[in-house]
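Asks: Contents of entry38.tsv (TSV, C-alpha atoms) are given next:
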chain	number	residue	atom	x	y	z
Z	1	MET	CA	3.86	32.67	-6.02
Z	2	ILE	CA	1.63	30.25	-7.92
Z	3	GLU	CA	-1.50	31.41	-9.73
Z	4	VAL	CA	-3.88	28.81	-11.15
Z	5	GLN	CA	-6.76	30.17	-13.21
Z	6	HIS	CA	-9.66	28.16	-14.71
Z	7	LEU	CA	-7.53	25.03	-15.10
Z	8	THR	CA	-9.18	22.11	-16.87
Z	9	LYS	CA	-7.69	18.76	-17.86
Z	10	ARG	CA	-9.61	16.20	-19.91
Z	11	TYR	CA	-8.69	12.72	-21.08
Z	12	GLY	CA	-11.09	12.12	-23.95
Z	13	ASP	CA	-14.56	12.17	-22.42
Z	14	LEU	CA	-13.20	12.07	-18.86
Z	15	THR	CA	-12.73	15.40	-17.08
Z	16	ALA	CA	-10.10	14.92	-14.37
Z	17	VAL	CA	-9.88	18.59	-13.37
Z	18	SER	CA	-12.65	21.09	-14.09
Z	19	ASP	CA	-12.15	24.87	-14.10
Z	20	ILE	CA	-10.18	25.13	-10.87
Z	21	SER	CA	-8.57	28.35	-9.62
Z	22	PHE	CA	-6.46	29.08	-6.55
Z	23	GLN	CA	-3.41	31.06	-5.51
Z	24	VAL	CA	-0.41	30.38	-3.27
Z	25	ASP	CA	1.43	33.47	-2.03
Z	26	SER	CA	5.21	33.70	-1.93
Z	27	GLY	CA	6.64	31.91	1.12
Z	28	GLN	CA	3.33	30.22	1.94
Z	29	ILE	CA	2.71	26.50	2.50
Z	30	LEU	CA	-0.52	25.30	0.88
Z	31	GLY	CA	-2.15	22.00	1.82
Z	32	PHE	CA	-3.84	20.52	-1.25
Z	33	LEU	CA	-6.43	18.01	-0.06
Z	34	GLY	CA	-8.97	15.70	-1.61
Z	35	PRO	CA	-10.17	12.10	-1.57
Z	36	ASN	CA	-8.61	9.47	-3.83
Z	37	GLY	CA	-9.44	10.14	-7.47
Z	38	SER	CA	-10.31	13.79	-6.87
Z	39	GLY	CA	-7.68	15.16	-9.27
Z	40	LYS	CA	-4.85	16.05	-6.86
Z	41	THR	CA	-2.03	14.33	-8.73
Z	42	THR	CA	-3.30	15.51	-12.12
Z	43	THR	CA	-3.28	19.08	-10.83
Z	44	MET	CA	0.27	18.69	-9.50
Z	45	ARG	CA	1.47	17.32	-12.84
Z	46	VAL	CA	-0.07	20.18	-14.77
Z	47	ILE	CA	1.27	22.84	-12.38
Z	48	THR	CA	4.81	21.50	-12.78
Z	49	GLY	CA	4.63	21.22	-16.56
Z	50	PHE	CA	4.73	17.43	-16.47
Z	51	MET	CA	1.61	17.37	-18.68
Z	52	PRO	CA	-0.36	20.02	-20.61
Z	53	ALA	CA	-3.74	21.40	-19.60
Z	54	THR	CA	-6.83	21.31	-21.82
Z	55	SER	CA	-7.49	24.95	-20.92
Z	56	GLY	CA	-6.63	27.54	-18.30
Z	57	THR	CA	-3.37	29.05	-17.09
Z	58	VAL	CA	-0.71	28.40	-14.45
Z	59	LYS	CA	1.86	31.05	-13.55
Z	60	VAL	CA	4.91	30.34	-11.39
Z	61	GLU	CA	6.67	33.47	-10.13
Z	62	GLY	CA	4.98	35.30	-13.01
Z	63	PHE	CA	6.06	32.86	-15.73
Z	64	ASP	CA	3.40	30.89	-17.60
Z	65	ILE	CA	4.11	27.16	-17.31
Z	66	PHE	CA	2.78	26.56	-20.84
Z	67	THR	CA	4.10	29.52	-22.86
Z	68	ASP	CA	7.32	30.15	-20.91
Z	69	SER	CA	7.92	26.64	-19.66
Z	70	PHE	CA	11.72	26.79	-19.38
Z	71	GLU	CA	11.74	29.81	-17.07
Z	72	ALA	CA	8.82	28.52	-15.00
Z	73	ARG	CA	10.27	25.05	-14.53
Z	74	LYS	CA	13.67	26.41	-13.45
Z	75	ARG	CA	11.85	27.81	-10.42
Z	76	ILE	CA	10.08	24.56	-9.49
Z	77	GLY	CA	11.21	21.61	-7.43
Z	78	TYR	CA	8.87	18.63	-7.88
Z	79	LEU	CA	8.59	15.50	-5.78
Z	80	PRO	CA	6.08	13.20	-7.49
Z	81	GLU	CA	4.26	10.47	-5.61
Z	82	HIS	CA	6.83	7.95	-6.87
Z	83	PRO	CA	10.33	9.53	-6.79
Z	84	PRO	CA	12.09	9.42	-10.20
Z	85	LEU	CA	15.19	7.43	-9.25
Z	86	TYR	CA	17.72	5.43	-11.30
Z	87	SER	CA	18.29	2.20	-9.40
Z	88	ASP	CA	21.81	1.61	-10.78
Z	89	MET	CA	23.18	4.98	-9.60
Z	90	THR	CA	24.48	5.86	-6.17
Z	91	VAL	CA	22.72	8.59	-4.23
Z	92	ALA	CA	25.60	11.01	-4.80
Z	93	SER	CA	25.94	10.31	-8.54
Z	94	TYR	CA	22.19	10.56	-9.05
Z	95	LEU	CA	21.96	13.92	-7.28
Z	96	ARG	CA	24.95	15.23	-9.26
Z	97	PHE	CA	23.19	14.14	-12.45
Z	98	VAL	CA	19.98	15.92	-11.40
Z	99	ALA	CA	21.94	19.06	-10.51
Z	100	ARG	CA	23.49	19.13	-13.99
Z	101	ILE	CA	20.23	18.67	-15.86
Z	102	LYS	CA	18.65	21.40	-13.72
Z	103	GLY	CA	21.27	23.83	-14.91
Z	104	LEU	CA	23.66	24.18	-11.99
Z	105	ARG	CA	27.18	25.21	-12.92
Z	106	LYS	CA	29.98	22.76	-12.15
Z	107	ALA	CA	31.33	25.03	-9.41
Z	108	GLU	CA	27.92	25.09	-7.71
Z	109	ILE	CA	27.22	21.37	-7.66
Z	110	GLY	CA	29.42	20.40	-4.72
Z	111	GLU	CA	27.83	22.83	-2.29
Z	112	ALA	CA	24.32	22.09	-3.58
Z	113	LEU	CA	24.92	18.36	-3.18
Z	114	ASP	CA	26.21	18.72	0.39
Z	115	THR	CA	23.24	20.91	1.35
Z	116	ALA	CA	20.63	18.54	-0.11
Z	117	ILE	CA	22.24	15.46	1.46
Z	118	THR	CA	22.47	17.08	4.89
Z	119	ARG	CA	18.97	18.57	4.85
Z	120	CYS	CA	17.38	15.30	3.79
Z	121	GLY	CA	19.36	13.06	6.17
Z	122	LEU	CA	21.16	11.05	3.48
Z	123	THR	CA	24.74	11.13	4.80
Z	124	GLU	CA	24.83	7.46	5.79
Z	125	VAL	CA	23.60	6.21	2.39
Z	126	VAL	CA	25.30	8.67	0.05
Z	127	ASN	CA	27.44	5.98	-1.62
Z	128	ARG	CA	24.74	3.30	-1.83
Z	129	LEU	CA	22.76	2.45	-4.98
Z	130	THR	CA	19.31	4.01	-4.93
Z	131	GLY	CA	17.84	0.64	-5.92
Z	132	GLN	CA	19.10	-0.85	-2.65
Z	133	LEU	CA	17.53	1.78	-0.40
Z	134	SER	CA	14.47	1.37	1.79
Z	135	LYS	CA	11.31	3.13	0.70
Z	136	GLY	CA	11.88	5.79	3.33
Z	137	PHE	CA	15.36	6.62	2.06
Z	138	ARG	CA	14.15	6.61	-1.56
Z	139	GLN	CA	11.58	9.19	-0.53
Z	140	ARG	CA	14.34	11.30	1.03
Z	141	VAL	CA	16.39	11.09	-2.16
Z	142	GLY	CA	13.30	12.21	-4.07
Z	143	LEU	CA	13.01	15.24	-1.83
Z	144	ALA	CA	16.73	15.96	-2.21
Z	145	GLN	CA	16.44	16.05	-6.01
Z	146	ALA	CA	13.52	18.46	-5.67
Z	147	ILE	CA	15.49	20.99	-3.61
Z	148	ILE	CA	19.01	20.57	-5.01
Z	149	HIS	CA	18.74	23.60	-7.34
Z	150	ASN	CA	17.25	25.73	-4.54
Z	151	PRO	CA	13.95	26.46	-6.34
Z	152	THR	CA	11.60	29.21	-5.20
Z	153	VAL	CA	8.61	26.86	-5.55
Z	154	LEU	CA	8.29	23.30	-4.23
Z	155	VAL	CA	5.49	20.95	-5.26
Z	156	LEU	CA	5.43	17.88	-3.03
Z	157	ASP	CA	3.06	14.99	-3.74
Z	158	GLU	CA	2.73	12.79	-0.63
Z	159	PRO	CA	6.28	13.56	0.65
Z	160	THR	CA	6.09	11.47	3.85
Z	161	VAL	CA	4.69	8.26	2.37
Z	162	GLY	CA	6.72	5.27	3.54
Z	163	LEU	CA	8.65	7.10	6.23
Z	164	ASP	CA	8.87	5.96	9.84
Z	165	PRO	CA	7.53	8.28	12.60
Z	166	GLN	CA	10.90	9.89	13.31
Z	167	GLN	CA	11.56	10.49	9.60
Z	168	ILE	CA	8.08	12.01	9.22
Z	169	ILE	CA	8.82	14.47	12.02
Z	170	GLU	CA	12.14	15.40	10.37
Z	171	ILE	CA	10.64	15.89	6.88
Z	172	ARG	CA	7.77	17.97	8.26
Z	173	ALA	CA	10.30	20.13	10.10
Z	174	LEU	CA	12.27	20.52	6.86
Z	175	ILE	CA	9.16	21.58	4.94
Z	176	LYS	CA	8.38	24.20	7.59
Z	177	GLU	CA	11.99	25.37	7.46
Z	178	LEU	CA	11.75	25.80	3.69
Z	179	ALA	CA	8.71	28.09	4.01
Z	180	GLY	CA	9.44	31.78	3.79
Z	181	SER	CA	12.23	31.40	1.26
Z	182	HIS	CA	10.16	28.90	-0.74
Z	183	THR	CA	6.53	28.65	-1.78
Z	184	VAL	CA	5.32	25.10	-1.05
Z	185	VAL	CA	2.36	23.09	-2.34
Z	186	LEU	CA	1.88	19.97	-0.24
Z	187	SER	CA	-0.51	17.42	-1.72
Z	188	THR	CA	-1.42	14.82	0.90
Z	189	HIS	CA	-4.23	12.77	2.39
Z	190	ILE	CA	-2.76	13.05	5.90
Z	191	LEU	CA	-4.85	15.70	7.67
Z	192	PRO	CA	-2.59	16.02	10.78
Z	193	GLU	CA	0.29	16.77	8.43
Z	194	VAL	CA	-1.61	19.71	6.94
Z	195	ALA	CA	-2.67	20.90	10.39
Z	196	GLN	CA	0.95	20.91	11.60
Z	197	VAL	CA	2.66	22.34	8.53
Z	198	CYS	CA	0.33	24.38	6.31
Z	199	GLU	CA	-0.97	27.94	6.45
Z	200	LYS	CA	-3.62	27.64	3.75
Z	201	VAL	CA	-5.88	24.81	2.54
Z	202	VAL	CA	-7.47	23.99	-0.79
Z	203	ILE	CA	-9.88	21.04	-0.93
Z	204	ILE	CA	-10.98	19.52	-4.22
Z	205	ARG	CA	-13.71	16.99	-4.91
Z	206	SER	CA	-14.41	15.37	-8.29
Z	207	GLY	CA	-11.91	17.68	-9.96
Z	208	GLN	CA	-13.37	20.92	-8.59
Z	209	VAL	CA	-12.30	23.26	-5.82
Z	210	VAL	CA	-14.90	23.15	-3.06
Z	211	LEU	CA	-13.00	25.13	-0.43
Z	212	GLU	CA	-10.07	27.56	-0.22
Z	213	ASP	CA	-9.18	29.37	3.00
Z	214	THR	CA	-6.51	29.84	5.64
Z	215	LEU	CA	-6.04	27.00	8.10
Z	216	ALA	CA	-6.46	29.38	11.04
Z	217	HIS	CA	-9.86	30.54	9.84
Z	218	LEU	CA	-11.09	27.06	8.96
Z	219	THR	CA	-10.21	25.61	12.35
Z	220	GLU	CA	-11.41	28.45	14.58
Z	221	ASP	CA	-14.29	26.39	15.97
Z	222	GLN	CA	-13.89	22.94	14.39
Z	223	SER	CA	-11.24	20.40	13.51
Z	224	LEU	CA	-9.70	20.14	10.06
Z	225	GLU	CA	-11.13	16.62	9.83
Z	226	ASP	CA	-14.66	18.00	10.28
Z	227	VAL	CA	-14.01	20.69	7.68
Z	228	PHE	CA	-12.66	18.14	5.20
Z	229	LEU	CA	-15.45	15.59	5.67
Z	230	ARG	CA	-18.15	18.22	5.28
Z	231	ALA	CA	-16.50	19.70	2.17
Z	232	ILE	CA	-16.18	16.40	0.30
Z	233	ALA	CA	-19.68	15.25	1.35
Z	234	GLN	CA	-21.47	18.20	-0.27
Z	235	GLU	CA	-23.01	16.77	-3.40
Z	236	ASP	CA	-23.88	20.17	-4.81
Z	237	ALA	CA	-21.05	22.16	-3.23
Z	238	GLN	CA	-19.69	25.26	-4.90
Z	239	PRO	CA	-16.28	26.76	-4.09
Z	240	ASP	CA	-16.41	28.85	-0.94
Z	241	ALA	CA	-13.63	31.30	-1.69
Z	242	GLN	CA	-14.25	31.88	-5.39
Z	243	PRO	CA	-17.18	31.18	-7.74
Z	244	GLU	CA	-16.72	28.68	-10.53
Z	245	ALA	CA	-16.91	29.95	-14.07
Z	246	ALA	CA	-20.02	29.01	-16.02
Z	247	PRO	CA	-19.69	26.07	-18.41
Z	248	GLU	CA	-19.84	28.47	-21.37
Z	249	THR	CA	-16.62	30.15	-20.18
Z	250	ASP	CA	-14.72	26.87	-20.15
Z	251	ARG	CA	-15.92	26.03	-23.67
Z	252	GLU	CA	-14.82	29.44	-24.94
Z	253	GLU	CA	-11.34	29.01	-23.43
Z	254	THR	CA	-11.03	25.53	-24.93
Z	255	GLU	CA	-12.11	26.74	-28.34
Z	256	ALA	CA	-9.69	29.68	-28.14
Re-express the file's structure as structure tokens.

Replies:
Amino acid sequence: MIEVQHLTKRYGDLTAVSDISFQVDSGQILGFLGPNGSGKTTTMRVITGFMPATSGTVKVEGFDIFTDSFEARKRIGYLPEHPPLYSDMTVASYLRFVARIKGLRKAEIGEALDTAITRCGLTEVVNRLTGQLSKGFRQRVGLAQAIIHNPTVLVLDEPTVGLDPQQIIEIRALIKELAGSHTVVLSTHILPEVAQVCEKVVIIRSGQVVLEDTLAHLTEDQSLEDVFLRAIAQEDAQPDAQPEAAPETDREETEA
């Protein structure tokens, strides 16, 4: 489970994310949507402990990502928009390295490596340097490093970017397979991907949540595209599923 409460991130005078709250239940796949520059990637980085928040809280499986970071991050697998690869390492050596720094015991690494390689379709390139791989295979290696320690929570930022149609189908199937035993946050701009994979949707605009609901409810009588376009077009929209805190609340949390 992921619980985000009144999360705000500022860079000087720029507010990238403003007082957002949402929840992802255990085993659920959440589609995190928004136009370019809406704060999606900033939110993903804060949730995973990659950067601190200005105010607010994030709990992963009950552990606060800011005050109990080690325990929270052990339970997270993160695929950033640009996979963190070392170009002079082979796929196998890189994944072994990742497994070690994520705390796997030596006796566990072999099985974890085989599972990640098989699940992500990397068998044919396992001994190649990551710097010599196509963009599609680099993306697969990025996904493999996110799941190698079998985390309970996966945060995936644009996981199918650069993949060919067959690879996209395979990665989407893998994400669906991971649901149930994993909680998944899928940040993407590809609406059909959300429609095919996700159970719940959060839409943000200008750093604020403007909609949070189940996919089934949202698309009862309209397409997801219509829902999305209407949500991001509302100049004065307020979150549908939860009211935003007043500005005074945010200032109090920041001061505290």

Asks: Which one is closest to Lys9 of chain Z: Z:Gln208, Z:Arg119, Z:Leu129, Z:His182? Count only C-alpha atoms.

Replies: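 Of all the options, Z:Gln208 lies closest to Lys9 of chain Z.
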
Asks: Can you work out the spacing between atom CA of Tyr94 of chain Z and atom CA of Arg45 of chain Z in Å, to one decimal?

Replies: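 Going from atom CA of Tyr94 of chain Z over to atom CA of Arg45 of chain Z covers 22.1 Å.
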
Asks: Dig up all the protein and nucleic acid residues within 12 Å of (19.0, 6.6, -14.0) in the file frame, using all atoms listed in the file, and format them as a VMD selection string.

Replies: chain Z and resid 83 to 91 93 to 98 129 to 131

Asks: Convert the current residue selection to file output with C-alpha atoms, as a JSON list (two decimals), in the coordinates of the input.

Replies:
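Output file result-v9.json follows:
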[["chain", "number", "residue", "atom", "x", "y", "z"],
["Z", 83, "PRO", "CA", 10.33, 9.53, -6.79],
["Z", 84, "PRO", "CA", 12.09, 9.42, -10.20],
["Z", 85, "LEU", "CA", 15.19, 7.43, -9.25],
["Z", 86, "TYR", "CA", 17.72, 5.43, -11.30],
["Z", 87, "SER", "CA", 18.29, 2.20, -9.40],
["Z", 88, "ASP", "CA", 21.81, 1.61, -10.78],
["Z", 89, "MET", "CA", 23.18, 4.98, -9.60],
["Z", 90, "THR", "CA", 24.48, 5.86, -6.17],
["Z", 91, "VAL", "CA", 22.72, 8.59, -4.23],
["Z", 93, "SER", "CA", 25.94, 10.31, -8.54],
["Z", 94, "TYR", "CA", 22.19, 10.56, -9.05],
["Z", 95, "LEU", "CA", 21.96, 13.92, -7.28],
["Z", 96, "ARG", "CA", 24.95, 15.23, -9.26],
["Z", 97, "PHE", "CA", 23.19, 14.14, -12.45],
["Z", 98, "VAL", "CA", 19.98, 15.92, -11.40],
["Z", 129, "LEU", "CA", 22.76, 2.45, -4.98],
["Z", 130, "THR", "CA", 19.31, 4.01, -4.93],
["Z", 131, "GLY", "CA", 17.84, 0.64, -5.92]]

Asks: Within 9 Å of (0.4, 23.7, 0.6), in the coordinates the file gives, what residues turn up when you count only C-alpha atoms, written out as a ChimeraX atom specification?

Replies: /Z:24,28-33,155-156,183-187,194,197-202

Asks: Considering all atoms listed in the file, can you say which of Z:Pro192, Z:Gly142, Z:Pro151, Z:Gly56 comes closest to Arg75 of chain Z?

Replies: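 The closest residue to Arg75 of chain Z is Z:Pro151.
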